[in-house]
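Data block below; observations after.
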Amino acid sequence: MKALIVGLNYAPEHSGNAPYTSKLAQGLARRGVSVKVLTGYPHYPEWKIADGYTGLSMEENLSGVPVKRLRSSVPKRPNGLGRLVMEMTFGIRTMLERWDRPDVVLVVSPALFSAAFAILRARISRVPVGIWVQDLYSKGIAETGDAHSPLAALMTRLESAIFNAADGVSVIHERFRDHVIRDLGVPAHRVRVIRNWTHVQHHHSFDRSAARKRLGWAATDFVALHAGNMGVKQGLENLVDTARLAGRSGSDVRFVLLGNGNQRRTLESRGVGIDRLQFLEPLPDRDYSEALRSADVLLVNERPGVREMSVPSKLTSYFVTGLPIIAATEAGSATAHELSAAGAGIRAESGSPLDLAAAIERLRTDPDSAKDFGAAGRLYSDRILTEEVAVHSYLEWLSDLASRKRPR
């Protein structure tokens, strides 16, 4: 089987959907699929093209997978218009690129609008095409803006049209499937749930005390760490305000924000003078794993109102650490559902520094419960969220799509 994967984000990007796309391509290649990837220039979450990537296109071979990069615009400030232009320029380039007659095409969303161009090209070429949905754009606009605005209604219609134009839709959570069928009108038999998995390896042994010392953490610090993108939907001002509250009370909790994103500078400005707050630059996989495992509790934070637009990818890496998790999120959100299903931690009210501080204090003073939550998360990861299970599911799904190839 020849498979073409089209997605704006790919390795060496280390957050968002890039690690999943990269690992899937490699996993399919190891199972005998002839895989080719069309992707953009690495830019996320810094929103700046990485050093060493020049020209209008580049070809690489990464872990046995041929990768062709197509340069698109990258906005300095990733607002709606800037991201739309980026997705459109990448989409047009993928549509005009040589595809070498694949048996099946897999497009990755985000980016939704570039996915639309790839789906159109696949339909013209009579090649079966599936879309892999990591985030829901219509839910994103509704949950971070006005759910009843004309823009939200327009995005729902566009997303519905794009998903319905594909031969199959893969989503990462059951809640996504419900929305895609109920609100976007995609027939149920064309929607499949394939869960994300942990893309960070936590298997190597290391000296935890030495790692904490390298990171600047005292032996007496109770470290509450948030890893990943620092964007609008994360609402991380809540963590900054919680750290300020902790500092005023003389708490020994150290709040660590590890990663990058378009809100980092704003958060750093908001956090000036807070002794219990630390920002860390993104780390390579091994160091990232050690940083996570050296913490005492791992944090997820979502902006108030965010319920179903996404499932934080960091959860898969969190579960396998064996550490407890606190999610500051809306009751009934997809994140809260996932945390409850795993039994891996507790929920705090979204946007409430007082409630988040209380949740952290609860785990700090109850190490037995913290240990039980961590063990449950690891068991859930081993049972449900393995790369082996996910890649095998994608292989079956893509093979089924390829079997529907239309005669020319």
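Residue names in the structure tokens use chain letters A, B, ... in the order shown, residue numbers from 1 in each chain, and ligand numbers from 1 in the order shown.
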
Can you tell me which residues surround Leu136 (chain A) at a distance of at most 12 Å, considering only C-alpha atoms, apart from same-chain residues fewer than 6 positions away, and format the answer as a PyMOL selection string?
chain A and resi 108-112+142-143+152+155-156+158-160+162-163+171-173+175-180+183-184+306-311

Arg195 (chain A) surroundings by only C-alpha atoms, 10 Å radius, close-in-sequence under 5 positions cut, as an NGL selection string:
:A and (134 or 170-174 or 316 or 384-387 or 389-391 or 393)

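Here CA of Ala342 (chain A) stands at a distance of 21.5 Å from CA of Asn17 (chain A).
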
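Counting from CA of Arg93 (chain A), the distance to CA of Ser114 (chain A) is 9.1 Å.
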
Excluding same-chain residues fewer than 6 positions from Arg244 (chain A), what lies within 9 Å of it counting only C-alpha atoms, as a PyMOL selection string?
chain A and resi 271+273-277

Please provide the set of residues having any atom within 12 Å of Thr21 (chain A), restricted to only C-alpha atoms, with same-chain residues fewer than 2 positions apart removed, written as a compact mmCIF listing (two decimals) with C-alpha atoms, in the first residue's frame.
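Printed below is part39.txt as written:
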```
# COMPACT_ATOMS: atom_id res chain seq x y z
CA LEU A 4 0.47 9.89 1.37
CA ILE A 5 0.22 11.86 4.63
CA VAL A 6 -0.48 15.58 4.29
CA GLY A 7 -0.15 17.76 7.37
CA LEU A 8 1.25 21.17 8.16
CA ASN A 9 3.15 19.98 11.25
CA TYR A 10 5.81 17.29 11.53
CA ALA A 11 9.07 16.45 13.32
CA PRO A 12 11.27 18.10 14.56
CA GLU A 13 8.31 19.98 16.08
CA HIS A 14 7.90 18.49 19.54
CA SER A 15 4.41 19.57 20.60
CA GLY A 16 0.90 19.73 19.17
CA ASN A 17 -0.01 17.11 16.57
CA ALA A 18 3.45 16.87 14.94
CA PRO A 19 4.75 14.05 17.19
CA LYS A 23 5.23 8.51 14.84
CA LEU A 24 2.30 7.28 12.74
CA ALA A 25 4.28 7.70 9.52
CA GLN A 26 7.22 5.81 11.02
CA GLY A 27 4.97 3.09 12.43
CA LEU A 28 3.23 2.53 9.10
CA VAL A 35 4.74 6.23 3.15
CA LYS A 36 5.41 9.72 1.84
CA VAL A 37 4.81 12.90 3.83
CA LEU A 38 4.02 16.40 2.58
CA THR A 39 4.44 18.91 5.37
CA VAL A 65 10.19 8.16 5.87
CA VAL A 67 9.45 13.92 3.80
CA LEU A 106 -4.44 10.88 5.04
CA VAL A 107 -4.83 14.58 5.81
CA VAL A 108 -4.30 15.98 9.30
CA SER A 109 -6.42 18.67 10.96
CA PRO A 110 -5.33 21.07 12.16
CA TRP A 132 -7.47 12.74 11.04
CA VAL A 133 -9.08 15.24 13.41
CA GLN A 134 -7.02 16.39 16.40
CA ASN A 196 -3.76 9.29 20.70
CA TRP A 197 -0.89 7.63 22.52
CA HIS A 199 4.88 9.88 22.05
CA GLU A 387 1.34 3.34 20.09
CA ALA A 390 -3.08 3.10 17.56
CA VAL A 391 -0.81 2.40 14.59
CA TYR A 394 -4.72 3.31 11.52
```

To test your reading of the structure, identify every residue in region 205-270 of chain A that backbone DSSP assigns to alpha helix (DSSP H), and report it as a ChimeraX atom specification.
/A:208-214,237-248,264-270
